[in-house]
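Shown below: final_3.txt, with compact mmCIF, C-alpha atoms.
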# COMPACT_ATOMS: atom_id res chain seq x y z
CA MET A 1 0.00 0.00 0.00
CA SER A 2 2.81 2.39 0.83
CA PHE A 3 4.25 1.77 -2.65
CA LEU A 4 0.90 2.68 -4.23
CA ARG A 5 0.63 5.78 -2.03
CA VAL A 6 4.13 6.87 -3.03
CA ALA A 7 3.30 6.24 -6.71
CA VAL A 8 0.11 8.33 -6.48
CA GLN A 9 1.98 11.13 -4.66
CA ARG A 10 4.64 10.95 -7.35
CA VAL A 11 2.08 11.25 -10.16
CA VAL A 12 0.38 14.26 -8.50
CA GLY A 13 3.82 15.70 -7.80
CA LEU A 14 4.61 15.56 -11.53
CA PHE A 15 2.25 18.48 -12.07
CA VAL A 16 1.91 20.19 -8.73
CA GLY A 17 4.85 21.58 -6.79
CA ASP A 18 3.02 24.54 -5.28
CA TRP A 19 -0.79 24.30 -5.25
CA LEU A 20 -1.20 28.08 -5.51
CA GLN A 21 1.09 28.30 -8.55
CA SER A 22 -0.70 25.40 -10.25
CA ALA A 23 -4.06 27.08 -9.57
CA VAL A 24 -2.77 30.36 -11.02
CA VAL A 25 -1.54 28.54 -14.16
CA LEU A 26 -4.97 26.92 -14.60
CA VAL A 27 -6.69 30.31 -14.18
CA ILE A 28 -4.31 31.81 -16.78
CA ILE A 29 -5.17 28.99 -19.20
CA ALA A 30 -8.91 29.59 -18.62
CA VAL A 31 -8.50 33.35 -19.14
CA GLY A 32 -6.34 32.69 -22.23
CA TRP A 33 -8.97 30.33 -23.62
CA MET A 34 -11.72 32.96 -23.26
CA ALA A 35 -9.45 35.62 -24.77
CA VAL A 36 -8.58 33.36 -27.73
CA LEU A 37 -12.26 32.65 -28.38
CA ARG A 38 -13.06 36.37 -28.27
CA PHE A 39 -10.03 38.00 -29.89
CA GLY A 40 -8.40 35.17 -31.86
CA PRO A 41 -4.62 34.66 -32.31
CA PRO A 42 -3.56 38.11 -30.93
CA ALA A 43 -4.72 36.84 -27.51
CA LEU A 44 -1.88 34.30 -27.62
CA ALA A 45 0.53 37.10 -26.75
CA LEU A 46 -1.45 37.76 -23.54
CA LEU A 47 -1.45 34.05 -22.67
CA VAL A 48 2.33 33.71 -23.11
CA LEU A 49 3.01 36.97 -21.26
CA LEU A 50 0.91 35.92 -18.25
CA LEU A 51 2.59 32.49 -18.11
CA ALA A 52 6.06 34.07 -18.27
CA VAL A 53 5.19 36.64 -15.59
CA GLN A 54 3.86 34.00 -13.17
CA LEU A 55 7.11 32.03 -13.63
CA VAL A 56 9.18 35.07 -12.61
CA TRP A 57 6.77 36.01 -9.80
CA PHE A 58 6.62 32.61 -8.08
CA ALA A 59 10.35 31.90 -8.45
CA ARG A 60 11.19 35.31 -7.00
CA ALA A 61 8.71 34.87 -4.15
CA GLU A 62 10.22 31.49 -3.23
CA GLY A 63 13.72 32.94 -3.50
CA LYS A 64 12.71 35.71 -1.07
CA ARG A 65 11.10 33.23 1.34
CA ALA A 66 14.22 31.06 1.33
CA ARG A 67 16.48 34.03 2.03
CA SER A 68 14.44 35.47 4.91
CA MET B 1 4.45 15.68 -39.67
CA ALA B 2 7.46 17.84 -40.62
CA MET B 3 10.97 16.55 -40.03
CA GLY B 4 11.81 19.49 -37.73
CA GLN B 5 8.78 18.74 -35.55
CA GLN B 6 9.75 15.05 -35.32
CA LEU B 7 13.28 16.02 -34.33
CA PHE B 8 11.99 18.43 -31.67
CA ILE B 9 9.74 15.73 -30.19
CA PHE B 10 12.56 13.16 -30.30
CA GLY B 11 14.95 15.63 -28.64
CA ALA B 12 12.52 16.63 -25.87
CA ALA B 13 11.69 12.97 -25.10
CA PHE B 14 15.37 12.00 -25.24
CA LEU B 15 16.61 14.75 -22.90
CA GLY B 16 13.75 14.37 -20.39
CA SER B 17 14.12 10.59 -20.32
CA ALA B 18 17.93 10.79 -20.02
CA VAL B 19 17.67 12.88 -16.85
CA GLU B 20 15.27 10.44 -15.18
CA ALA B 21 17.17 7.38 -16.42
CA THR B 22 20.35 8.79 -14.85
CA GLU B 23 18.59 9.04 -11.48
CA ALA B 24 17.20 5.48 -11.81
CA LEU B 25 20.66 4.18 -12.76
CA THR B 26 22.12 5.61 -9.55
CA ILE B 27 19.66 3.55 -7.48
CA VAL B 28 20.29 0.32 -9.44
CA LEU B 29 24.08 0.80 -9.20
CA ALA B 30 23.90 1.46 -5.46
CA VAL B 31 21.89 -1.75 -4.91
CA GLY B 32 23.88 -3.85 -7.38
CA LEU B 33 27.35 -2.86 -6.20
CA THR B 34 26.35 -3.29 -2.54
CA ARG B 35 24.25 -6.46 -2.54
CA GLY B 36 24.94 -8.23 -5.85
CA TRP B 37 23.39 -7.87 -9.29
CA ARG B 38 20.82 -10.64 -9.80
CA GLU B 39 17.85 -9.23 -7.86
CA PRO B 40 18.31 -5.54 -8.74
CA LEU B 41 18.49 -6.45 -12.42
CA LEU B 42 15.31 -8.53 -12.09
CA GLY B 43 13.66 -5.61 -10.26
CA THR B 44 14.76 -3.24 -13.03
CA LEU B 45 13.40 -5.61 -15.69
CA ALA B 46 10.04 -5.88 -13.89
CA ALA B 47 9.82 -2.06 -13.61
CA VAL B 48 10.73 -1.55 -17.29
CA VAL B 49 8.03 -4.06 -18.36
CA ALA B 50 5.44 -2.29 -16.15
CA LEU B 51 6.44 1.12 -17.54
CA GLY B 52 6.31 -0.20 -21.12
CA LEU B 53 2.78 -1.48 -20.49
CA LEU B 54 1.76 1.94 -19.16
CA VAL B 55 3.08 3.62 -22.33
CA VAL B 56 1.29 1.14 -24.61
CA VAL B 57 -2.03 1.17 -22.70
CA PHE B 58 -2.29 4.91 -21.96
CA GLY B 59 -0.62 5.95 -25.21
CA GLN B 60 -3.06 3.88 -27.27
CA LEU B 61 -6.02 4.95 -25.14
CA ILE B 62 -5.50 8.70 -25.42
CA VAL B 63 -4.48 8.66 -29.08
CA THR B 64 -7.47 6.59 -30.22
CA ARG B 65 -10.21 7.68 -27.79
CA VAL B 66 -9.72 11.39 -27.08
CA PRO B 67 -10.67 13.92 -29.82
CA GLU B 68 -7.64 15.80 -31.21
CA GLU B 69 -8.62 19.29 -29.93
CA ALA B 70 -9.46 18.09 -26.41
CA LEU B 71 -6.28 15.99 -26.37
CA LYS B 72 -4.16 19.02 -27.29
CA LEU B 73 -5.74 21.14 -24.56
CA LEU B 74 -5.44 18.40 -21.93
CA VAL B 75 -1.90 17.30 -22.83
CA GLY B 76 -0.81 20.92 -23.34
CA THR B 77 -2.09 21.91 -19.90
CA LEU B 78 -0.43 18.92 -18.21
CA LEU B 79 2.83 19.56 -20.10
CA LEU B 80 2.71 23.19 -19.04
CA LEU B 81 2.25 22.26 -15.37
CA PHE B 82 4.99 19.62 -15.61
CA GLY B 83 7.44 21.80 -17.54
CA LEU B 84 6.88 24.84 -15.30
CA ARG B 85 7.57 22.67 -12.23
CA TRP B 86 10.94 21.61 -13.67
CA LEU B 87 11.70 25.14 -14.83
CA HIS B 88 10.78 26.64 -11.44
CA LYS B 89 13.13 24.23 -9.66
CA ALA B 90 15.89 24.83 -12.23
CA VAL B 91 15.61 28.60 -11.70
CA LEU B 92 15.90 28.16 -7.91
CA ARG B 93 18.92 25.85 -8.36
CA SER B 94 20.62 28.25 -10.77
CA ALA B 95 20.01 31.13 -8.35
CA GLY B 96 21.57 29.15 -5.50
CA VAL B 97 18.35 28.91 -3.46
CA VAL B 98 18.06 25.12 -3.78
CA ALA B 99 21.03 22.73 -3.75
CA MET B 100 22.04 21.21 -7.09
CA HIS B 101 21.05 17.56 -7.59
CA ASP B 102 24.13 15.44 -6.93
CA GLU B 103 24.21 11.81 -8.15
CA ASP B 104 27.18 10.96 -5.90
CA HIS B 105 25.20 12.15 -2.88
CA ALA B 106 22.08 10.24 -4.01
CA TYR B 107 24.25 7.12 -4.46
CA GLN B 108 25.71 7.41 -0.95
CA GLN B 109 22.24 7.92 0.52
CA THR B 110 20.93 4.75 -1.15
CA VAL B 111 23.99 2.75 -0.08
CA ALA B 112 23.50 3.95 3.51
CA GLN B 113 19.98 2.44 3.48
CA LEU B 114 21.33 -0.96 2.48
CA GLY B 115 22.97 -3.63 4.57
CA ALA B 116 25.29 -6.40 3.39
CA ALA B 117 24.14 -8.91 0.77
CA ALA B 118 21.64 -11.44 2.06
CA ALA B 119 21.99 -15.17 1.58
CA GLY B 120 19.45 -16.70 -0.84
CA ARG B 121 16.85 -14.53 -2.58
CA ASP B 122 17.45 -10.85 -1.81
CA TRP B 123 14.00 -9.23 -1.80
CA VAL B 124 15.36 -5.93 -0.48
CA GLY B 125 17.56 -5.53 -3.58
CA PHE B 126 14.69 -6.54 -5.87
CA ILE B 127 12.15 -4.18 -4.28
CA LEU B 128 14.53 -1.20 -4.06
CA ALA B 129 15.48 -1.46 -7.73
CA LEU B 130 11.86 -2.06 -8.80
CA LYS B 131 10.58 0.90 -6.77
CA GLY B 132 13.40 3.24 -7.79
CA VAL B 133 13.20 2.49 -11.52
CA PHE B 134 9.39 2.47 -11.56
CA LEU B 135 9.00 5.79 -9.73
CA GLU B 136 11.68 7.57 -11.78
CA GLY B 137 10.23 5.93 -14.90
CA LEU B 138 6.76 7.39 -14.27
CA GLU B 139 8.13 10.76 -15.34
CA VAL B 140 9.59 9.17 -18.49
CA VAL B 141 6.19 7.60 -19.26
CA PHE B 142 4.46 10.97 -18.89
CA ILE B 143 7.06 12.78 -20.99
CA VAL B 144 6.87 10.19 -23.80
CA ILE B 145 3.06 10.07 -23.87
CA ALA B 146 2.60 13.84 -23.55
CA VAL B 147 5.30 14.83 -26.01
CA GLY B 148 4.29 12.21 -28.57
CA GLY B 149 0.57 11.88 -27.90
CA THR B 150 -0.61 14.68 -30.17
CA GLY B 151 0.00 15.25 -33.85
CA GLY B 152 1.29 11.72 -34.57
CA GLY B 153 4.59 12.13 -32.76
CA MET B 154 4.38 8.93 -30.68
CA PRO B 155 7.01 6.91 -32.64
CA ALA B 156 9.55 9.76 -32.35
CA ALA B 157 8.81 10.20 -28.63
CA VAL B 158 9.05 6.47 -27.87
CA ALA B 159 12.31 6.31 -29.85
CA GLY B 160 13.67 9.27 -27.86
CA GLY B 161 12.79 7.57 -24.56
CA LEU B 162 14.25 4.21 -25.60
CA VAL B 163 17.48 5.67 -26.99
CA ALA B 164 17.96 7.70 -23.79
CA ALA B 165 17.38 4.66 -21.55
CA ALA B 166 19.77 2.55 -23.66
CA ALA B 167 22.45 5.27 -23.70
CA VAL B 168 22.31 5.78 -19.92
CA ALA B 169 22.25 2.01 -19.24
CA GLY B 170 25.22 1.55 -21.60
CA ALA B 171 27.17 4.34 -19.92
CA GLY B 172 26.40 2.83 -16.50
CA LEU B 173 27.59 -0.57 -17.68
CA VAL B 174 30.89 0.92 -18.82
CA VAL B 175 31.73 3.26 -15.93
CA ARG B 176 30.01 1.26 -13.12
CA LYS B 177 29.51 4.30 -10.93
CA PRO B 178 26.92 7.11 -10.78
CA LEU B 179 26.95 9.39 -13.81
CA ALA B 180 27.82 12.42 -11.70
CA ARG B 181 29.35 14.23 -14.67
CA VAL B 182 26.10 14.31 -16.60
CA PRO B 183 25.04 18.00 -16.41
CA GLU B 184 21.70 16.98 -14.92
CA ASN B 185 20.69 20.41 -13.63
CA THR B 186 21.41 22.08 -16.96
CA LEU B 187 19.50 19.31 -18.76
CA LYS B 188 16.51 19.77 -16.44
CA TYR B 189 16.58 23.51 -17.13
CA ALA B 190 16.62 22.90 -20.89
CA VAL B 191 13.91 20.24 -20.74
CA GLY B 192 11.79 22.49 -18.51
CA ILE B 193 11.93 25.21 -21.17
CA LEU B 194 11.21 22.76 -24.03
CA LEU B 195 8.24 21.13 -22.29
CA THR B 196 6.78 24.45 -21.12
CA SER B 197 7.02 25.77 -24.69
CA LEU B 198 5.48 22.61 -26.15
CA GLY B 199 2.71 22.71 -23.51
CA THR B 200 1.90 26.35 -24.30
CA PHE B 201 1.84 25.57 -28.03
CA TRP B 202 -0.55 22.61 -27.72
CA ALA B 203 -2.79 24.12 -25.05
CA ALA B 204 -3.37 27.14 -27.31
CA GLU B 205 -4.04 24.89 -30.33
CA GLY B 206 -6.51 22.96 -28.18
CA MET B 207 -8.27 26.28 -27.48
CA GLY B 208 -8.74 26.61 -31.24
CA ALA B 209 -5.98 29.15 -31.89
CA SER B 210 -3.52 28.90 -34.79
CA TRP B 211 0.05 30.01 -34.21
CA PRO B 212 1.72 32.26 -36.73
CA LEU B 213 4.50 30.19 -38.43
CA ASP B 214 2.85 27.03 -37.04
CA PHE B 215 5.30 24.69 -35.21
CA ALA B 216 8.21 27.11 -35.72
CA SER B 217 6.49 29.40 -33.17
CA ILE B 218 7.82 27.05 -30.52
CA LEU B 219 11.26 28.59 -31.03
CA GLY B 220 9.76 31.98 -30.10
CA LEU B 221 8.19 30.44 -26.99
CA VAL B 222 11.57 28.92 -26.05
CA VAL B 223 13.11 32.41 -26.23
CA VAL B 224 10.33 33.95 -24.10
CA TYR B 225 10.66 31.32 -21.34
CA LEU B 226 14.46 31.46 -21.47
CA VAL B 227 14.39 35.24 -21.00
CA ALA B 228 11.76 35.00 -18.22
CA SER B 229 13.77 32.34 -16.34
CA ARG B 230 17.03 34.34 -16.67
CA LEU B 231 15.18 37.40 -15.38
CA ALA B 232 13.89 35.39 -12.41
CA ILE B 233 17.44 34.16 -11.63
CA PHE B 234 18.76 37.72 -11.87
CA LEU B 235 16.05 39.09 -9.55
CA ILE B 236 16.61 36.33 -6.96
CA ARG B 237 20.40 36.77 -7.01
CA ARG B 238 20.23 40.57 -6.82
CA PRO B 239 20.95 41.73 -3.28
CA ALA B 240 17.94 43.26 -1.53
CA VAL B 241 17.99 47.07 -1.41
CA ALA B 242 17.89 48.26 2.22
Give the structure from this file in structure tokens form.
Amino acid sequence: MSFLRVAVQRVVGLFVGDWLQSAVVLVIIAVGWMAVLRFGPPALALLVLLLAVQLVWFARAEGKRARS
Amino acid sequence: MAMGQQLFIFGAAFLGSAVEATEALTIVLAVGLTRGWREPLLGTLAAVVALGLLVVVFGQLIVTRVPEEALKLLVGTLLLLFGLRWLHKAVLRSAGVVAMHDEDHAYQQTVAQLGAAAAGRDWVGFILALKGVFLEGLEVVFIVIAVGGTGGGMPAAVAGGLVAAAAVAGAGLVVRKPLARVPENTLKYAVGILLTSLGTFWAAEGMGASWPLDFASILGLVVVYLVASRLAIFLIRRPAVA
């Protein structure tokens, strides 16, 4: 059973390191989807920008937490 | 599918699988060199068979049963989450916040868990190798299925995974010690960028969008994520202003 539990934790851990960050990524995808449906390909720039910004934001926040 | 796209898929699957195979090799070597080779090799074989079955079953299932658009959105989203996790960790390692992964250290840790070789059948060696290879291999299975699952790239992705596993196993057979000189952290950084870019590309296609320049847009995404990650490293390293 412990092997199965570790395997399940490992599978979840493939996609989720920080629950908040994962939730933010999913929200960005949802927002991007709506923007793509409404504005077409130009909305892709917004999607990529938001994803890049969250990467910088969460890495910086964790860096700050680790230093303090 | 264009040759360049096949090569990209092969490369992403190869690099991602090579990183995980290197970590699995460390565990098998630690068990084999400490307690003898028979059981760890049997454990490795059992894990490889189980992982192969997962690729065949899930790979076949998602390719044949899930509509192309939904598959792109689902796989793209999962690839994005997976790639961003690797990229996030690589940024923190490059900035000196998290310690670099060290195969020599991982080897010593595994050896410390083991006692001397047992007489008769050595279940500890079998289970440790099976568990280590299977758990590390789960990431390989995901990478191969996700990278190859859309747009008919499965043969290239499976080939990338197999070639990586064979190359790492061959190197392990020759040097008989952990592959500490493999630039694992750099590879994880590169794979994180590749998978995040691929995930963004497919998620957007699954939303119904068409990229300008089609698959070549991935190179633009690679540049964006590379710049963003370098910026994050710079901001973390920069001393705080009092």
Problem - Length of the CA of Leu53 in chain B to CA of Glu69 in chain B vector [Å] - result: 25.5 Å
Handout entry: Interface, chain B side, toward chain A (8 Å; only C-alpha atoms) as number ranges by chain
Key = B: 77-78, 81-82, 84-85, 88, 91-92, 97, 131, 135, 138-139, 200, 203-204, 207-211, 221, 224-225, 228-229, 231-233, 235-236
Atoms kept (C-alpha atoms) for selection, written as a PDB file, in the frame of the given file:
ATOM      1  CA  THR B  77      -2.090  21.910 -19.900  1.00  0.00           C
ATOM      2  CA  LEU B  78      -0.430  18.920 -18.210  1.00  0.00           C
ATOM      3  CA  LEU B  81       2.250  22.260 -15.370  1.00  0.00           C
ATOM      4  CA  PHE B  82       4.990  19.620 -15.610  1.00  0.00           C
ATOM      5  CA  LEU B  84       6.880  24.840 -15.300  1.00  0.00           C
ATOM      6  CA  ARG B  85       7.570  22.670 -12.230  1.00  0.00           C
ATOM      7  CA  HIS B  88      10.780  26.640 -11.440  1.00  0.00           C
ATOM      8  CA  VAL B  91      15.610  28.600 -11.700  1.00  0.00           C
ATOM      9  CA  LEU B  92      15.900  28.160  -7.910  1.00  0.00           C
ATOM     10  CA  VAL B  97      18.350  28.910  -3.460  1.00  0.00           C
ATOM     11  CA  LYS B 131      10.580   0.900  -6.770  1.00  0.00           C
ATOM     12  CA  LEU B 135       9.000   5.790  -9.730  1.00  0.00           C
ATOM     13  CA  LEU B 138       6.760   7.390 -14.270  1.00  0.00           C
ATOM     14  CA  GLU B 139       8.130  10.760 -15.340  1.00  0.00           C
ATOM     15  CA  THR B 200       1.900  26.350 -24.300  1.00  0.00           C
ATOM     16  CA  ALA B 203      -2.790  24.120 -25.050  1.00  0.00           C
ATOM     17  CA  ALA B 204      -3.370  27.140 -27.310  1.00  0.00           C
ATOM     18  CA  MET B 207      -8.270  26.280 -27.480  1.00  0.00           C
ATOM     19  CA  GLY B 208      -8.740  26.610 -31.240  1.00  0.00           C
ATOM     20  CA  ALA B 209      -5.980  29.150 -31.890  1.00  0.00           C
ATOM     21  CA  SER B 210      -3.520  28.900 -34.790  1.00  0.00           C
ATOM     22  CA  TRP B 211       0.050  30.010 -34.210  1.00  0.00           C
ATOM     23  CA  LEU B 221       8.190  30.440 -26.990  1.00  0.00           C
ATOM     24  CA  VAL B 224      10.330  33.950 -24.100  1.00  0.00           C
ATOM     25  CA  TYR B 225      10.660  31.320 -21.340  1.00  0.00           C
ATOM     26  CA  ALA B 228      11.760  35.000 -18.220  1.00  0.00           C
ATOM     27  CA  SER B 229      13.770  32.340 -16.340  1.00  0.00           C
ATOM     28  CA  LEU B 231      15.180  37.400 -15.380  1.00  0.00           C
ATOM     29  CA  ALA B 232      13.890  35.390 -12.410  1.00  0.00           C
ATOM     30  CA  ILE B 233      17.440  34.160 -11.630  1.00  0.00           C
ATOM     31  CA  LEU B 235      16.050  39.090  -9.550  1.00  0.00           C
ATOM     32  CA  ILE B 236      16.610  36.330  -6.960  1.00  0.00           C
TER      33      ILE B 236
END
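For range 36-43 of chain B, the residues within 7 Å (counting all atoms listed in the file, excluding itself and residues fewer than 2 positions away along the chain) are Val28, Val31, Gly32, Leu33, Thr34, Leu45, Ala46, Ala47, Ala117, Asp122, Gly125, Phe126, Ile127, Ala129 and Leu130 of chain B.
For the residues B:Ala159, B:Pro212, B:Arg238, B:Arg181, ranking by smallest atom-to-atom distance to Ala45 in chain A using only C-alpha atoms places B:Pro212 first.
What separates CA of Ser197 in chain B from CA of Ala12 in chain B is a distance of 10.7 Å.
One distance worth recording is that between CA of Lys177 in chain B and CA of Ala24 in chain B, which is 12.4 Å.
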